[in-house]
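*Asks:* Structure in structure tokens, see below.
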Amino acid sequence: EKNSNTQASMTDQPATAPRGVKLAAVEALLEQATAKGLTTTTEVCNGLVKPLTESDKCAYIDTLDESVVGPATCFISHAWKYDLADSVDVMRQVEAERPGTVFWFDLFINNQHGTSERPFEWWCNTFQKSIEQIGSVVLVLAPWDKPIPLTRSWCLFEIMSSFNASG
């Protein structure tokens, strides 16, 4: 059974309980991406996620079986320049420490169609509210000597949102 609720698509606010995906869903997408020679999150989005969701103009999570979807318990903050495999490796580490983790990973959760049509306020509200409701954030940092997220304004916004959410 496919998901029918589009969270964070074209609505003004994220859903009350942000949805996320289990590690198995992320690993399956990584396997498909690897088979197509796609490495970075940007490449996977443009070469796999967008084409797979084009007909319905939906978020990738909406194409998944409910068995790999649940209430998000961990927000993943990462740079889209990273290889998807690096972010998946971090999620595997989190899963090993906290079995059953459900990841809020923007590639899956946000509708990737019409993103430029959404106002900045929508993005701010979506990420801030999601971080507040989930309560756990993992920041993917690499390389250690010059982590990309610390040079990206959106990643810095997510870090600030994490601090704001923690009170």
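Ordered as shown in the structure tokens, chains take letters A, B, and onward, while each chain numbers its residues from 1 and ligands are numbered from 1 in the order shown.
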Extract, using only C-alpha atoms, all DNA, RNA and protein residues at most 9 Å from A:Gln112, discarding same-chain residues fewer than 2 positions from it, and format them as an NGL selection string.

*Replies:* :A and (9 or 45-46 or 49-50 or 53 or 57-60 or 106-110 or 114-115)

*Asks:* May I have the residues within 9 Å of A:Lys36 as a PyMOL selection string, using only C-alpha atoms and disregarding those fewer than 4 positions away in the same chain?

*Replies:* chain A and resi 31-32+47-48

*Asks:* Just the number, please: distance in Å from atom CA of A:Val21 to atom CA of A:Ser87, one decimal.

*Replies:*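 That distance, rounded to one decimal, is 13.7 Å.
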
*Asks:* Between A:Val138, A:Val88, A:Val69, A:Ala25, which is the closest to A:Thr40 once you count only C-alpha atoms?

*Replies:*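 Looking at the shortest contact to A:Thr40, the residue is A:Val88.
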
*Asks:* Which of stretch 43-127 of chain A counts as helix (DSSP H, G or I) under DSSP, as a compact mmCIF listing (two decimals) with N, CA, C and O atoms, in the first residue's frame please?

*Replies:*
# COMPACT_ATOMS: atom_id res chain seq x y z
N GLU A 43 22.50 14.63 -7.47
CA GLU A 43 22.38 13.73 -8.62
C GLU A 43 21.25 12.73 -8.42
O GLU A 43 20.49 12.45 -9.35
N VAL A 44 21.13 12.20 -7.22
CA VAL A 44 20.07 11.22 -6.93
C VAL A 44 18.70 11.88 -7.04
O VAL A 44 17.76 11.30 -7.59
N CYS A 45 18.59 13.10 -6.57
CA CYS A 45 17.34 13.83 -6.68
C CYS A 45 16.95 14.04 -8.14
O CYS A 45 15.84 13.68 -8.56
N ASN A 46 17.87 14.59 -8.92
CA ASN A 46 17.57 14.92 -10.31
C ASN A 46 17.48 13.71 -11.23
O ASN A 46 16.70 13.71 -12.18
N GLY A 47 18.27 12.68 -10.93
CA GLY A 47 18.32 11.52 -11.82
C GLY A 47 17.43 10.36 -11.43
O GLY A 47 17.23 9.44 -12.23
N LEU A 48 16.89 10.39 -10.21
CA LEU A 48 16.10 9.25 -9.74
C LEU A 48 14.80 9.69 -9.07
O LEU A 48 13.71 9.30 -9.50
N VAL A 49 14.90 10.51 -8.02
CA VAL A 49 13.71 10.89 -7.26
C VAL A 49 12.73 11.69 -8.11
O VAL A 49 11.54 11.37 -8.16
N LYS A 50 13.20 12.72 -8.77
CA LYS A 50 12.29 13.54 -9.59
C LYS A 50 11.63 12.72 -10.71
O LYS A 50 10.42 12.81 -10.89
N PRO A 51 12.40 11.94 -11.46
CA PRO A 51 11.74 11.13 -12.49
C PRO A 51 10.73 10.13 -11.92
O PRO A 51 9.67 9.91 -12.51
N LEU A 52 11.03 9.54 -10.77
CA LEU A 52 10.11 8.56 -10.18
C LEU A 52 8.83 9.19 -9.64
O LEU A 52 7.81 8.51 -9.47
N THR A 53 8.87 10.48 -9.35
CA THR A 53 7.71 11.17 -8.77
C THR A 53 7.08 12.17 -9.73
O THR A 53 6.13 12.87 -9.37
N TYR A 60 8.88 11.77 -2.57
CA TYR A 60 9.28 10.36 -2.75
C TYR A 60 8.67 9.46 -1.68
O TYR A 60 8.28 8.33 -1.97
N ILE A 61 8.53 9.97 -0.48
CA ILE A 61 7.95 9.18 0.60
C ILE A 61 6.54 8.70 0.24
O ILE A 61 6.10 7.64 0.67
N ASP A 62 5.84 9.46 -0.58
CA ASP A 62 4.47 9.10 -0.97
C ASP A 62 4.41 7.93 -1.93
O ASP A 62 3.34 7.39 -2.18
N THR A 63 5.55 7.52 -2.46
CA THR A 63 5.60 6.37 -3.37
C THR A 63 5.97 5.09 -2.63
O THR A 63 5.96 4.02 -3.23
N GLU A 66 3.91 1.69 3.22
CA GLU A 66 3.77 2.14 4.61
C GLU A 66 4.70 1.41 5.57
O GLU A 66 5.02 1.93 6.64
N SER A 67 5.16 0.22 5.21
CA SER A 67 6.02 -0.56 6.11
C SER A 67 7.38 0.10 6.34
O SER A 67 8.07 -0.24 7.30
N VAL A 68 7.77 1.02 5.46
CA VAL A 68 9.07 1.70 5.63
C VAL A 68 8.90 3.17 5.99
O VAL A 68 9.85 3.95 5.93
N LEU A 84 25.44 10.42 -1.48
CA LEU A 84 24.34 9.85 -0.70
C LEU A 84 24.85 8.74 0.21
O LEU A 84 24.41 8.59 1.34
N ALA A 85 25.83 7.98 -0.27
CA ALA A 85 26.39 6.88 0.53
C ALA A 85 26.95 7.36 1.86
O ALA A 85 26.85 6.65 2.87
N ASP A 86 27.51 8.56 1.90
CA ASP A 86 28.05 9.10 3.16
C ASP A 86 26.93 9.38 4.16
O ASP A 86 27.05 9.07 5.34
N SER A 87 25.84 9.96 3.68
CA SER A 87 24.70 10.22 4.57
C SER A 87 24.08 8.91 5.04
O SER A 87 23.69 8.78 6.20
N VAL A 88 23.99 7.94 4.14
CA VAL A 88 23.43 6.63 4.51
C VAL A 88 24.33 5.96 5.55
O VAL A 88 23.83 5.35 6.50
N ASP A 89 25.63 6.10 5.40
CA ASP A 89 26.55 5.53 6.39
C ASP A 89 26.29 6.12 7.78
O ASP A 89 26.26 5.39 8.77
N VAL A 90 26.06 7.43 7.85
CA VAL A 90 25.75 8.07 9.13
C VAL A 90 24.43 7.51 9.68
O VAL A 90 24.32 7.21 10.87
N MET A 91 23.44 7.34 8.80
CA MET A 91 22.15 6.80 9.25
C MET A 91 22.31 5.37 9.76
O MET A 91 21.66 4.98 10.74
N ARG A 92 23.17 4.60 9.15
CA ARG A 92 23.45 3.23 9.64
C ARG A 92 24.05 3.28 11.04
O ARG A 92 23.71 2.45 11.89
N GLN A 93 24.93 4.22 11.26
CA GLN A 93 25.54 4.36 12.59
C GLN A 93 24.48 4.74 13.63
O GLN A 93 24.48 4.20 14.74
N VAL A 94 23.59 5.65 13.27
CA VAL A 94 22.51 6.05 14.18
C VAL A 94 21.61 4.86 14.46
O VAL A 94 21.26 4.58 15.61
N GLU A 95 21.25 4.13 13.42
CA GLU A 95 20.39 2.95 13.57
C GLU A 95 21.04 1.90 14.47
O GLU A 95 20.37 1.26 15.28
N ALA A 96 22.36 1.74 14.37
CA ALA A 96 23.07 0.77 15.21
C ALA A 96 22.99 1.16 16.69
O ALA A 96 22.87 0.30 17.56
N GLU A 97 23.05 2.47 16.94
CA GLU A 97 22.97 2.96 18.32
C GLU A 97 21.54 3.05 18.83
O GLU A 97 21.28 2.87 20.02
N ASP A 106 15.33 15.06 3.94
CA ASP A 106 14.62 15.95 3.01
C ASP A 106 14.45 15.39 1.60
O ASP A 106 13.45 15.64 0.95
N LEU A 107 15.39 14.64 1.12
CA LEU A 107 15.29 14.05 -0.21
C LEU A 107 14.02 13.21 -0.34
O LEU A 107 13.38 13.18 -1.38
N PHE A 108 13.64 12.55 0.73
CA PHE A 108 12.44 11.70 0.76
C PHE A 108 11.19 12.48 1.14
O PHE A 108 10.11 12.24 0.60
N ILE A 109 11.31 13.38 2.10
CA ILE A 109 10.15 13.99 2.74
C ILE A 109 9.59 15.16 1.95
O ILE A 109 8.37 15.29 1.81
N THR A 115 9.99 23.38 -6.21
CA THR A 115 10.63 23.89 -5.01
C THR A 115 10.90 25.39 -5.08
O THR A 115 10.81 26.08 -4.07
N SER A 116 11.20 25.90 -6.27
CA SER A 116 11.49 27.34 -6.40
C SER A 116 10.24 28.20 -6.26
O SER A 116 10.33 29.40 -6.06
N GLU A 117 9.07 27.57 -6.34
CA GLU A 117 7.80 28.31 -6.20
C GLU A 117 7.44 28.57 -4.74
O GLU A 117 6.58 29.39 -4.46
N PHE A 120 10.46 31.59 0.89
CA PHE A 120 11.46 31.32 1.92
C PHE A 120 10.80 30.99 3.25
O PHE A 120 11.25 30.10 3.98
N GLU A 121 9.72 31.69 3.58
CA GLU A 121 9.02 31.46 4.85
C GLU A 121 8.51 30.03 4.95
O GLU A 121 8.51 29.44 6.03
N TRP A 122 8.05 29.47 3.84
CA TRP A 122 7.56 28.09 3.85
C TRP A 122 8.69 27.15 4.25
O TRP A 122 8.52 26.27 5.09
N TRP A 123 9.86 27.35 3.64
CA TRP A 123 11.00 26.50 3.96
C TRP A 123 11.40 26.65 5.43
O TRP A 123 11.65 25.66 6.11
N CYS A 124 11.44 27.88 5.89
CA CYS A 124 11.81 28.12 7.30
C CYS A 124 10.84 27.41 8.23
O CYS A 124 11.25 26.72 9.16
N ASN A 125 9.54 27.59 7.99
CA ASN A 125 8.53 26.96 8.84
C ASN A 125 8.61 25.44 8.78
O ASN A 125 8.52 24.77 9.80
N THR A 126 8.77 24.90 7.58
CA THR A 126 8.82 23.45 7.41
C THR A 126 9.97 22.84 8.21
O THR A 126 9.78 21.89 8.97
N PHE A 127 11.15 23.39 8.05
CA PHE A 127 12.31 22.83 8.74
C PHE A 127 12.27 23.10 10.24
O PHE A 127 12.51 22.20 11.05

*Asks:* List every residue of stretch 15-83 of chain A that DSSP, applied to the backbone of this structure, assigns to strand (DSSP E or B), and report them as a count of residues only.

*Replies:* 14

*Asks:* Can you work out which one of A:Pro71, A:Arg19, A:Tyr82, A:Val26 has the shortest atom-to-atom distance to A:Thr41, counting only C-alpha atoms?

*Replies:* A:Tyr82

*Asks:* So how far away is atom CA of A:Phe105 from atom CA of A:Ile131, in Å?

*Replies:*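 According to the coordinates, atom CA of A:Ile131 and atom CA of A:Phe105 are separated by 11.3 Å.
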
*Asks:* Just how far from atom CA of A:Leu29 is atom CA of A:Asp56, in Å to one decimal?

*Replies:*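 Atom-to-atom, atom CA of A:Asp56 and atom CA of A:Leu29 are spaced 18.4 Å apart.
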
*Asks:* Using only C-alpha atoms, pick whichever of A:Thr73, A:Glu158, A:Arg98, A:Leu64 has the shortest atom-to-atom distance to A:Ser136.

*Replies:*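 Selected residue with least distance to A:Ser136: A:Thr73.
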
*Asks:* Env of A:Val137: 9 Å cut, atoms = only C-alpha atoms, seq-sep filter 2 positions within chain, self excluded. Answer as a list in words.

*Replies:* Thr73, Cys74, Phe75, Ile76, Ser77, Ile131, Ile134, Gly135, Leu139, Ile159 and Ser162 of chain A

*Asks:* Just to be explicit: take each residue in the selection above, keep C-alpha atoms, and write the result as a PDB file, in the first residue's frame.

*Replies:*
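File produced: again-v5.pdb:
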ATOM      1  CA  THR A  73      12.516  10.276  15.302  1.00  0.00           C
ATOM      2  CA  CYS A  74      15.703  11.787  13.840  1.00  0.00           C
ATOM      3  CA  PHE A  75      16.203  14.797  11.556  1.00  0.00           C
ATOM      4  CA  ILE A  76      19.188  14.406   9.220  1.00  0.00           C
ATOM      5  CA  SER A  77      20.991  17.647   8.347  1.00  0.00           C
ATOM      6  CA  ILE A 131      13.047  19.896  13.974  1.00  0.00           C
ATOM      7  CA  ILE A 134      11.149  15.456  16.018  1.00  0.00           C
ATOM      8  CA  GLY A 135      13.477  16.571  18.793  1.00  0.00           C
ATOM      9  CA  LEU A 139      24.434  16.660  11.464  1.00  0.00           C
ATOM     10  CA  ILE A 159      21.866  24.070  13.021  1.00  0.00           C
ATOM     11  CA  SER A 162      18.194  22.831  16.294  1.00  0.00           C
TER      12      SER A 162
END
